[in-house]
Amino acid sequence: MTGEELPERESMQFDVVIVGAGPAGLSAAIRLKQINPDLTVVVLEKGAEVGAHILSGAVVDPVGIDALMPGWQEEEGHPFKTKVTDDQFLFLGPAGSVRLPNFAMPP
């Protein structure tokens with residue numbers, strides 16, 4: 001496009017831009033707004049929706065969310081549906097699996 005003027009691009013101003021709407025990005029955005037509600041914070045996510053790139057079946061220790069947002073478990077529609085009641089560690093091989101004792105595993 002030599003000699004032609006390009007159209008002006010739309011832009012928006014923010015105090016903080018966070019790239020990635022995973023657990024770290026969302027936690028950072030929430031905490032920033034808790035500290036200073038007047039900040040303008042935007043979270044950019046390349047996935048179609050928040051959490052689109054997170055592996056399913058993850059086991060999450062809720063201690064971080066408890067500290068960030070007390071009382072979240074009483075809210076309707078939170079994503080953590082099932083509590084973990086048992087851990088089993090398996091060594092997988094071509095012939096099958098062998099269960100490893102829990103005392104040998106990290107906490």
# chains A, B, ... in the order shown; residues from 1 in each chain; ligands from 1
$ residues_around --residues "Pro79 (chain A)" --least-positions-apart "5" --cutoff "12 Å" --atoms "only C-alpha atoms" --output "CSV table (one decimal) with all heavy atoms, in the first residue's frame"
chain,number,residue,atom,x,y,z
A,50,VAL,N,-12.7,-18.3,28.7
A,50,VAL,CA,-11.8,-18.4,29.8
A,50,VAL,C,-11.7,-19.9,30.2
A,50,VAL,O,-12.7,-20.6,30.2
A,50,VAL,CB,-12.3,-17.6,31.1
A,50,VAL,CG1,-11.5,-18.0,32.3
A,50,VAL,CG2,-12.3,-16.2,30.8
A,51,GLY,N,-10.5,-20.4,30.3
A,51,GLY,CA,-10.2,-21.8,30.7
A,51,GLY,C,-10.1,-22.7,29.5
A,51,GLY,O,-10.0,-23.9,29.6
A,56,SER,N,-8.4,-30.6,31.5
A,56,SER,CA,-9.6,-31.1,32.3
A,56,SER,C,-9.1,-32.2,33.3
A,56,SER,O,-8.1,-32.8,33.0
A,56,SER,CB,-10.7,-31.6,31.4
A,56,SER,OG,-10.3,-32.7,30.7
A,57,GLY,N,-9.8,-32.4,34.3
A,57,GLY,CA,-9.4,-33.4,35.3
A,57,GLY,C,-8.4,-33.0,36.3
A,57,GLY,O,-7.9,-33.8,37.0
A,58,ALA,N,-8.1,-31.7,36.3
A,58,ALA,CA,-7.0,-31.2,37.2
A,58,ALA,C,-7.5,-31.3,38.6
A,58,ALA,O,-8.7,-31.1,38.9
A,58,ALA,CB,-6.7,-29.8,36.8
A,59,VAL,N,-6.6,-31.6,39.5
A,59,VAL,CA,-6.9,-31.5,41.0
A,59,VAL,C,-6.4,-30.2,41.5
A,59,VAL,O,-5.2,-29.9,41.3
A,59,VAL,CB,-6.2,-32.7,41.7
A,59,VAL,CG1,-6.4,-32.6,43.2
A,59,VAL,CG2,-6.7,-34.0,41.2
A,60,VAL,N,-7.2,-29.4,42.1
A,60,VAL,CA,-6.9,-28.1,42.5
A,60,VAL,C,-7.0,-28.0,44.0
A,60,VAL,O,-8.0,-28.3,44.6
A,60,VAL,CB,-7.9,-27.0,41.9
A,60,VAL,CG1,-7.6,-25.6,42.4
A,60,VAL,CG2,-7.8,-27.1,40.4
A,62,PRO,N,-7.8,-25.7,46.9
A,62,PRO,CA,-8.5,-24.5,46.9
A,62,PRO,C,-7.9,-23.4,47.8
A,62,PRO,O,-8.6,-22.4,48.0
A,62,PRO,CB,-9.9,-24.9,47.3
A,62,PRO,CG,-9.7,-26.1,48.1
A,62,PRO,CD,-8.5,-26.8,47.5
A,65,ILE,N,-7.7,-19.9,46.2
A,65,ILE,CA,-9.0,-19.3,45.9
A,65,ILE,C,-9.6,-18.9,47.3
A,65,ILE,O,-10.3,-17.8,47.4
A,65,ILE,CB,-9.9,-20.2,45.1
A,65,ILE,CG1,-9.6,-20.1,43.7
A,65,ILE,CG2,-11.3,-20.0,45.4
A,65,ILE,CD1,-10.5,-20.8,42.8
A,72,TRP,N,-16.3,-18.2,48.4
A,72,TRP,CA,-16.6,-18.5,47.0
A,72,TRP,C,-17.4,-19.8,46.9
A,72,TRP,O,-18.1,-20.0,46.0
A,72,TRP,CB,-15.3,-18.6,46.2
A,72,TRP,CG,-14.4,-19.7,46.6
A,72,TRP,CD1,-13.4,-19.6,47.6
A,72,TRP,CD2,-14.4,-21.1,46.1
A,72,TRP,NE1,-12.8,-20.9,47.7
A,72,TRP,CE2,-13.4,-21.8,46.8
A,72,TRP,CE3,-15.2,-21.7,45.2
A,72,TRP,CZ2,-13.1,-23.1,46.6
A,72,TRP,CZ3,-14.9,-23.1,45.0
A,72,TRP,CH2,-13.9,-23.7,45.7
A,73,GLN,N,-17.2,-20.7,47.9
A,73,GLN,CA,-17.8,-22.1,47.8
A,73,GLN,C,-19.3,-22.0,48.0
A,73,GLN,O,-20.1,-22.9,47.6
A,73,GLN,CB,-17.2,-23.0,48.8
A,73,GLN,CG,-15.8,-23.4,48.5
A,73,GLN,CD,-15.2,-24.4,49.4
A,73,GLN,OE1,-15.9,-24.9,50.3
A,73,GLN,NE2,-13.9,-24.6,49.3
A,74,GLU,N,-19.8,-20.9,48.6
A,74,GLU,CA,-21.3,-20.7,48.8
A,74,GLU,C,-21.9,-20.1,47.5
A,74,GLU,O,-23.1,-20.1,47.4
A,74,GLU,CB,-21.6,-19.8,50.0
A,74,GLU,CG,-21.3,-20.4,51.3
A,74,GLU,CD,-19.9,-20.5,51.7
A,74,GLU,OE1,-19.1,-19.5,51.5
A,74,GLU,OE2,-19.4,-21.6,52.2
$ closest_residue --among "A:Asp66, A:Asp38, A:Glu8, A:Glu45" --to "Gly25 (chain A)" --atoms "only C-alpha atoms"
A:Glu45
$ closest_residue --among "A:Asp87, A:Asp15, A:Glu49, A:Glu4" --to "Asn36 (chain A)" --atoms "only C-alpha atoms"
A:Asp15
$ select_by_dssp --residues "region 13-63 of chain A" --states "strand (DSSP E or B)" --output "PDB file with all heavy atoms, in the first residue's frame"
ATOM      1  N   VAL A  16      -3.577  -1.704  33.430  1.00  0.00           N
ATOM      2  CA  VAL A  16      -2.899  -2.999  33.467  1.00  0.00           C
ATOM      3  C   VAL A  16      -3.494  -3.898  32.391  1.00  0.00           C
ATOM      4  O   VAL A  16      -4.713  -3.998  32.262  1.00  0.00           O
ATOM      5  CB  VAL A  16      -3.067  -3.688  34.843  1.00  0.00           C
ATOM      6  CG1 VAL A  16      -2.369  -5.040  34.857  1.00  0.00           C
ATOM      7  CG2 VAL A  16      -2.548  -2.804  35.961  1.00  0.00           C
ATOM      8  N   VAL A  17      -2.624  -4.566  31.634  1.00  0.00           N
ATOM      9  CA  VAL A  17      -3.046  -5.564  30.647  1.00  0.00           C
ATOM     10  C   VAL A  17      -2.430  -6.892  31.066  1.00  0.00           C
ATOM     11  O   VAL A  17      -1.213  -6.995  31.218  1.00  0.00           O
ATOM     12  CB  VAL A  17      -2.584  -5.192  29.219  1.00  0.00           C
ATOM     13  CG1 VAL A  17      -2.955  -6.293  28.233  1.00  0.00           C
ATOM     14  CG2 VAL A  17      -3.177  -3.860  28.797  1.00  0.00           C
ATOM     15  N   ILE A  18      -3.267  -7.895  31.261  1.00  0.00           N
ATOM     16  CA  ILE A  18      -2.807  -9.230  31.636  1.00  0.00           C
ATOM     17  C   ILE A  18      -3.075 -10.152  30.462  1.00  0.00           C
ATOM     18  O   ILE A  18      -4.199 -10.218  29.961  1.00  0.00           O
ATOM     19  CB  ILE A  18      -3.528  -9.726  32.908  1.00  0.00           C
ATOM     20  CG1 ILE A  18      -3.179  -8.805  34.079  1.00  0.00           C
ATOM     21  CG2 ILE A  18      -3.162 -11.168  33.211  1.00  0.00           C
ATOM     22  CD1 ILE A  18      -3.973  -9.052  35.325  1.00  0.00           C
ATOM     23  N   VAL A  19      -2.049 -10.861  30.031  1.00  0.00           N
ATOM     24  CA  VAL A  19      -2.183 -11.775  28.899  1.00  0.00           C
ATOM     25  C   VAL A  19      -2.351 -13.188  29.441  1.00  0.00           C
ATOM     26  O   VAL A  19      -1.482 -13.699  30.136  1.00  0.00           O
ATOM     27  CB  VAL A  19      -0.958 -11.693  27.964  1.00  0.00           C
ATOM     28  CG1 VAL A  19      -1.099 -12.674  26.809  1.00  0.00           C
ATOM     29  CG2 VAL A  19      -0.787 -10.272  27.454  1.00  0.00           C
ATOM     30  N   VAL A  41      -8.361  -2.720  34.409  1.00  0.00           N
ATOM     31  CA  VAL A  41      -7.624  -3.964  34.185  1.00  0.00           C
ATOM     32  C   VAL A  41      -8.326  -4.733  33.077  1.00  0.00           C
ATOM     33  O   VAL A  41      -9.548  -4.881  33.100  1.00  0.00           O
ATOM     34  CB  VAL A  41      -7.572  -4.820  35.471  1.00  0.00           C
ATOM     35  CG1 VAL A  41      -6.840  -6.130  35.223  1.00  0.00           C
ATOM     36  CG2 VAL A  41      -6.911  -4.044  36.608  1.00  0.00           C
ATOM     37  N   VAL A  42      -7.552  -5.235  32.128  1.00  0.00           N
ATOM     38  CA  VAL A  42      -8.113  -6.077  31.074  1.00  0.00           C
ATOM     39  C   VAL A  42      -7.312  -7.371  31.021  1.00  0.00           C
ATOM     40  O   VAL A  42      -6.101  -7.371  31.224  1.00  0.00           O
ATOM     41  CB  VAL A  42      -8.113  -5.360  29.693  1.00  0.00           C
ATOM     42  CG1 VAL A  42      -6.714  -5.111  29.195  1.00  0.00           C
ATOM     43  CG2 VAL A  42      -8.898  -6.160  28.667  1.00  0.00           C
ATOM     44  N   VAL A  43      -8.021  -8.487  30.797  1.00  0.00           N
ATOM     45  CA  VAL A  43      -7.389  -9.793  30.641  1.00  0.00           C
ATOM     46  C   VAL A  43      -7.615 -10.239  29.201  1.00  0.00           C
ATOM     47  O   VAL A  43      -8.763 -10.328  28.756  1.00  0.00           O
ATOM     48  CB  VAL A  43      -7.977 -10.827  31.622  1.00  0.00           C
ATOM     49  CG1 VAL A  43      -7.307 -12.178  31.436  1.00  0.00           C
ATOM     50  CG2 VAL A  43      -7.823 -10.350  33.066  1.00  0.00           C
ATOM     51  N   LEU A  44      -6.538 -10.482  28.481  1.00  0.00           N
ATOM     52  CA  LEU A  44      -6.622 -10.947  27.097  1.00  0.00           C
ATOM     53  C   LEU A  44      -6.453 -12.457  27.062  1.00  0.00           C
ATOM     54  O   LEU A  44      -5.504 -12.988  27.629  1.00  0.00           O
ATOM     55  CB  LEU A  44      -5.524 -10.300  26.242  1.00  0.00           C
ATOM     56  CG  LEU A  44      -5.543  -8.778  26.146  1.00  0.00           C
ATOM     57  CD1 LEU A  44      -4.340  -8.302  25.344  1.00  0.00           C
ATOM     58  CD2 LEU A  44      -6.832  -8.303  25.519  1.00  0.00           C
TER      59      LEU A  44
END
$ closest_residue --among "A:Thr82, A:Ala21, A:Ile30, A:Pro106" --to "Leu68 (chain A)" --atoms "only C-alpha atoms"
A:Ile30
$ residues_around --residues "Gln34 (chain A)" --least-positions-apart "5" --cutoff "10 Å" --atoms "only C-alpha atoms" --output "ChimeraX atom specification"
/A:28-29,39,68-69
$ closest_residue --among "A:Gln13, A:Leu32, A:Gly3, A:Asp61" --to "Phe80 (chain A)" --atoms "only C-alpha atoms"
A:Asp61
$ atom_distance --atom1 "CA of Lys83 (chain A)" --atom2 "CA of Met105 (chain A)"
19.9 Å
$ closest_residue --among "A:Ala95, A:Ala67, A:Ala48, A:Met12" --to "Arg31 (chain A)" --atoms "only C-alpha atoms"
A:Ala67
